[in-house]
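Asks: Just dropping this structure here.
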Amino acid sequence: MTAGSGGVRGSVLDPASLQAEVLAELSWVLIVGATLVFLVTMGLAAWALRQRGKPAVASAWWIGGAGIAFPVAVLSALLIYSTWRTRGLELPPDGDPLVVGVTGHLWWWEVRYRDPASGREIALANELHLPAGRPVQLGLAAADVIHSVWMPSLGGKMDLVPGRLNRLVITAREPGRYRGQCAEYCGEQHARMALWVVVHTPADYERWLQGQLRPAGLSSDPLLQRGRQAFREQGCVACHTVRGHGEGGRRGPDLTHVGSRLTLGAGVLEMGPGAMAAWITGVQALKPGAHMASFRHLDAPTLQALSAYLAELR
C-alpha cells in the first residue's frame, strides 16, 4: 500500500479511533438536525406564500415561538448534548499511555519517541507510528509559527502554538494508514505539509520501534561509501543527522531511517525509484520556499551515490 493509494483513510465520516467516533457521531447529529430545520423552514416559507390575501397569523406568536423560543431550545439542547458527549476527550488517558512529541516546522513535522526501556530518544519526520488499541498522548509544539494538526479519521484538530505545549489524545482502533494535514495557514507551503499516520498491531509497533532505535548500518558497498562521503562534503550534515554515521545538525529532519519513509518533503513525493534524486536536485521546484537548496550542481556520479546512500538508510 503506497501513501497515495486508495487504502489511505482521511475523512471525519470514516472514524477509526475512540475520539473520532465521538466526533463523527456529533457531526451526524448536527448534519441531520440542520437538514430537518432547513426542511421545516422551507415548508413554513411555502405555507406562508400560499396565505397571501388571507388573514395574517398573529406575528407575535411567530416571532416569539419560531424566532426566539425554538432557536434557544434547539441550541441549548445541542450545547448540553455536545458537552456531555465530548466530556473527557481532552483529559490525559488513564493507565500507561504512549507519549509522542510532535513539533511543527516550516513546512514539515518533527516526531519524537522515547524508548521506555533505555530512555533513548528517536526522531523522524512527517510520519506518526502508533499501536492499535493503546491510548496515545501527543505533545504538540511549534518551532516557528502557529500550525495545526488534523487527522480526520483519528481525532479532532489541535493548534500548535510557539511557546506553548498542547495535548491531543488518540486511541486508534484499527491498523492502517491515515492522512493528516496542517489545518492552520502557516505560509507558502502550508498545503504541502502532510502528516502520514501508520497504525500497527501492538507486536508490529514494537518491532518498528526497535528498528528505529538502531543507528544506521555501515555498508562496505563502494557506491554507498561514496554517497556517505558526499553527504559530508556537500554540507548535508550542517542540517541533518544520521545516527551511527557521526552527529550532524538538527535544523532539518533526522535522516537515520529516511529510506523507510512513505514520502519525501512531507508528502510531496512518494518514496520510490528516482524519488531521492528528484528531491535532492529539485527541492525548490517541488516545494518553493522550503528551507533547503536544490542541489542541481551535483554531477551524475555524485548524485547517484548520494541518492543510493540515503535510499539505503532504512
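Scheme for the C-alpha cells: letters A, B, ... for chains in order shown; per-chain residue numbers from 1; ligand numbers from 1 in order shown.
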Could you go through range 80-280 of chain A and tell me which residues DSSP, when run on the backbone, assigns to alpha helix (DSSP H), listing them as a ChimeraX atom specification?

Replies: /A:80-85,202-213,222-233,275-280

Asks: Restricting it to N, CA and C atoms, dump the selection as an mmCIF file, in the first residue's frame.

Replies:
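To be explicit, this is the file written out as again.cif:
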```cif
data_model
loop_
_atom_site.group_PDB
_atom_site.id
_atom_site.type_symbol
_atom_site.label_atom_id
_atom_site.label_comp_id
_atom_site.auth_asym_id
_atom_site.auth_seq_id
_atom_site.Cartn_x
_atom_site.Cartn_y
_atom_site.Cartn_z
ATOM 1 N N ILE A 80 -25.937 21.128 25.451
ATOM 2 C CA ILE A 80 -25.914 20.127 26.522
ATOM 3 C C ILE A 80 -25.447 18.775 25.983
ATOM 4 N N TYR A 81 -25.985 18.393 24.821
ATOM 5 C CA TYR A 81 -25.617 17.100 24.239
ATOM 6 C C TYR A 81 -24.131 17.045 23.888
ATOM 7 N N SER A 82 -23.621 18.066 23.190
ATOM 8 C CA SER A 82 -22.216 18.045 22.758
ATOM 9 C C SER A 82 -21.267 18.110 23.952
ATOM 10 N N THR A 83 -21.615 18.866 24.980
ATOM 11 C CA THR A 83 -20.770 18.937 26.175
ATOM 12 C C THR A 83 -20.716 17.584 26.870
ATOM 13 N N TRP A 84 -21.873 16.935 26.982
ATOM 14 C CA TRP A 84 -21.914 15.615 27.620
ATOM 15 C C TRP A 84 -21.172 14.582 26.782
ATOM 16 N N ARG A 85 -21.370 14.601 25.456
ATOM 17 C CA ARG A 85 -20.807 13.546 24.594
ATOM 18 C C ARG A 85 -19.306 13.656 24.461
ATOM 19 N N PRO A 202 -0.002 -4.103 18.046
ATOM 20 C CA PRO A 202 0.993 -3.879 19.114
ATOM 21 C C PRO A 202 2.330 -4.565 18.851
ATOM 22 N N ALA A 203 2.303 -5.803 18.351
ATOM 23 C CA ALA A 203 3.558 -6.513 18.092
ATOM 24 C C ALA A 203 4.351 -5.858 16.970
ATOM 25 N N ASP A 204 3.663 -5.458 15.899
ATOM 26 C CA ASP A 204 4.355 -4.794 14.790
ATOM 27 C C ASP A 204 4.908 -3.444 15.224
ATOM 28 N N TYR A 205 4.178 -2.752 16.088
ATOM 29 C CA TYR A 205 4.669 -1.462 16.567
ATOM 30 C C TYR A 205 5.974 -1.635 17.345
ATOM 31 N N GLU A 206 6.044 -2.632 18.205
ATOM 32 C CA GLU A 206 7.276 -2.861 18.969
ATOM 33 C C GLU A 206 8.435 -3.189 18.046
ATOM 34 N N ARG A 207 8.176 -3.986 17.006
ATOM 35 C CA ARG A 207 9.250 -4.280 16.049
ATOM 36 C C ARG A 207 9.686 -3.020 15.319
ATOM 37 N N TRP A 208 8.719 -2.194 14.941
ATOM 38 C CA TRP A 208 9.070 -0.943 14.257
ATOM 39 C C TRP A 208 9.901 -0.052 15.178
ATOM 40 N N LEU A 209 9.489 0.073 16.444
ATOM 41 C CA LEU A 209 10.202 0.929 17.377
ATOM 42 C C LEU A 209 11.636 0.453 17.589
ATOM 43 N N GLN A 210 11.827 -0.853 17.747
ATOM 44 C CA GLN A 210 13.182 -1.364 17.948
ATOM 45 C C GLN A 210 14.042 -1.120 16.712
ATOM 46 N N GLY A 211 13.440 -1.207 15.539
ATOM 47 C CA GLY A 211 14.184 -0.911 14.324
ATOM 48 C C GLY A 211 14.590 0.550 14.241
ATOM 49 N N GLN A 212 13.720 1.451 14.666
ATOM 50 C CA GLN A 212 14.034 2.879 14.638
ATOM 51 C C GLN A 212 15.089 3.253 15.670
ATOM 52 N N LEU A 213 15.174 2.479 16.759
ATOM 53 C CA LEU A 213 16.169 2.766 17.798
ATOM 54 C C LEU A 213 17.584 2.447 17.332
ATOM 55 N N PRO A 222 31.042 0.180 -2.257
ATOM 56 C CA PRO A 222 31.771 1.391 -2.664
ATOM 57 C C PRO A 222 30.853 2.551 -3.033
ATOM 58 N N LEU A 223 29.715 2.236 -3.701
ATOM 59 C CA LEU A 223 28.790 3.295 -4.103
ATOM 60 C C LEU A 223 28.208 3.982 -2.869
ATOM 61 N N LEU A 224 27.809 3.210 -1.866
ATOM 62 C CA LEU A 224 27.227 3.790 -0.657
ATOM 63 C C LEU A 224 28.271 4.539 0.156
ATOM 64 N N GLN A 225 29.498 4.064 0.144
ATOM 65 C CA GLN A 225 30.562 4.781 0.839
ATOM 66 C C GLN A 225 30.832 6.127 0.176
ATOM 67 N N ARG A 226 30.790 6.157 -1.165
ATOM 68 C CA ARG A 226 30.945 7.437 -1.863
ATOM 69 C C ARG A 226 29.774 8.366 -1.533
ATOM 70 N N GLY A 227 28.584 7.793 -1.418
ATOM 71 C CA GLY A 227 27.429 8.603 -1.056
ATOM 72 C C GLY A 227 27.540 9.180 0.337
ATOM 73 N N ARG A 228 28.050 8.381 1.272
ATOM 74 C CA ARG A 228 28.240 8.883 2.637
ATOM 75 C C ARG A 228 29.255 10.015 2.652
ATOM 76 N N GLN A 229 30.312 9.869 1.869
ATOM 77 C CA GLN A 229 31.311 10.938 1.785
ATOM 78 C C GLN A 229 30.700 12.196 1.174
ATOM 79 N N ALA A 230 29.893 12.040 0.136
ATOM 80 C CA ALA A 230 29.237 13.193 -0.489
ATOM 81 C C ALA A 230 28.292 13.877 0.495
ATOM 82 N N PHE A 231 27.642 13.105 1.344
ATOM 83 C CA PHE A 231 26.736 13.661 2.351
ATOM 84 C C PHE A 231 27.476 14.654 3.236
ATOM 85 N N ARG A 232 28.729 14.349 3.559
ATOM 86 C CA ARG A 232 29.520 15.259 4.386
ATOM 87 C C ARG A 232 30.101 16.402 3.545
ATOM 88 N N GLU A 233 30.623 16.080 2.381
ATOM 89 C CA GLU A 233 31.289 17.093 1.571
ATOM 90 C C GLU A 233 30.312 18.148 1.052
ATOM 91 N N ALA A 275 13.004 8.850 -6.602
ATOM 92 C CA ALA A 275 12.420 9.908 -5.785
ATOM 93 C C ALA A 275 13.485 10.704 -5.039
ATOM 94 N N MET A 276 14.495 10.014 -4.505
ATOM 95 C CA MET A 276 15.513 10.695 -3.727
ATOM 96 C C MET A 276 16.307 11.671 -4.595
ATOM 97 N N ALA A 277 16.684 11.256 -5.774
ATOM 98 C CA ALA A 277 17.427 12.136 -6.673
ATOM 99 C C ALA A 277 16.572 13.319 -7.106
ATOM 100 N N ALA A 278 15.283 13.062 -7.377
ATOM 101 C CA ALA A 278 14.390 14.153 -7.779
ATOM 102 C C ALA A 278 14.249 15.186 -6.668
ATOM 103 N N TRP A 279 14.199 14.724 -5.431
ATOM 104 C CA TRP A 279 14.071 15.648 -4.310
ATOM 105 C C TRP A 279 15.353 16.447 -4.106
ATOM 106 N N ILE A 280 16.497 15.778 -4.137
ATOM 107 C CA ILE A 280 17.777 16.449 -3.894
ATOM 108 C C ILE A 280 18.009 17.565 -4.903
#
```

Asks: Find the spatial neighbours of Met292 in chain A, counting only C-alpha atoms, within a cut-off of 10 Å - ignore same-chain residues fewer than 4 positions away - and output them as a list in words.

Replies: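 In the requested format, the answer is Cys236, Cys239, Gly252, Ile280, Gly282, Val283, Gln284, Lys287 and Pro288 of chain A.
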
Asks: Fewer than 2 positions away in the same chain doesn't count, so skip those; otherwise give me all residues within 7 Å of range 263-274 of chain A, counting only C-alpha atoms, as a list in words.

Replies: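 Returned residues: Ala3, Trp108, Asn126, Arg192, Met193, Ala194, Leu195, Arg261, Met276, Ala277 and Ala278 of chain A.
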
Asks: Counting only C-alpha atoms, which residue out of A:Gln137, A:Thr201, A:Ala290, A:Leu168 sits closest to Glu188 in chain A?

Replies: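 Looking at the shortest contact to Glu188 in chain A, the residue is A:Ala290.
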
Asks: Write out as number ranges by chain each polymer residue whose atoms come within 9 Å of Leu89 in chain A, counting only C-alpha atoms; drop sequence neighbours fewer than 5 positions from it.

Replies: A: 19, 22, 168-170

Asks: Which residues are near Val199 in chain A? Cut-off 9 Å, only C-alpha atoms, ignore same chain within fewer than 4 positions. Put them as an MDAnalysis selection string.

Replies: chainID A and resid 128:132 172:178 205

Asks: Suppose you want the space between CA of Val136 in chain A and CA of Arg167 in chain A; what is it in Å?

Replies: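 About the pair CA of Val136 in chain A and CA of Arg167 in chain A: they are 10.2 Å apart.
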
Asks: To test your reading of the structure, identify every residue in range 43-169 of chain A that backbone DSSP assigns to strand (DSSP E or B), and report it as an MDAnalysis selection string.

Replies: chainID A and resid 98:105 108:114 121:125 127:131 136:142 147:150 158:160 162 166:169

Asks: Can you tell me, as a PyMOL selection string, what residues are no more than 12 Å from Thr281 in chain A when counting only C-alpha atoms, ignoring any on the same chain fewer than 5 positions away?

Replies: chain A and resi 274-276+286-287+292-300+302-304+306-307

Asks: Of the residues A:Ala20, A:Arg50, A:Trp61, A:Leu75, which is the one nearest to Ala34 in chain A, using only C-alpha atoms?

Replies: A:Leu75
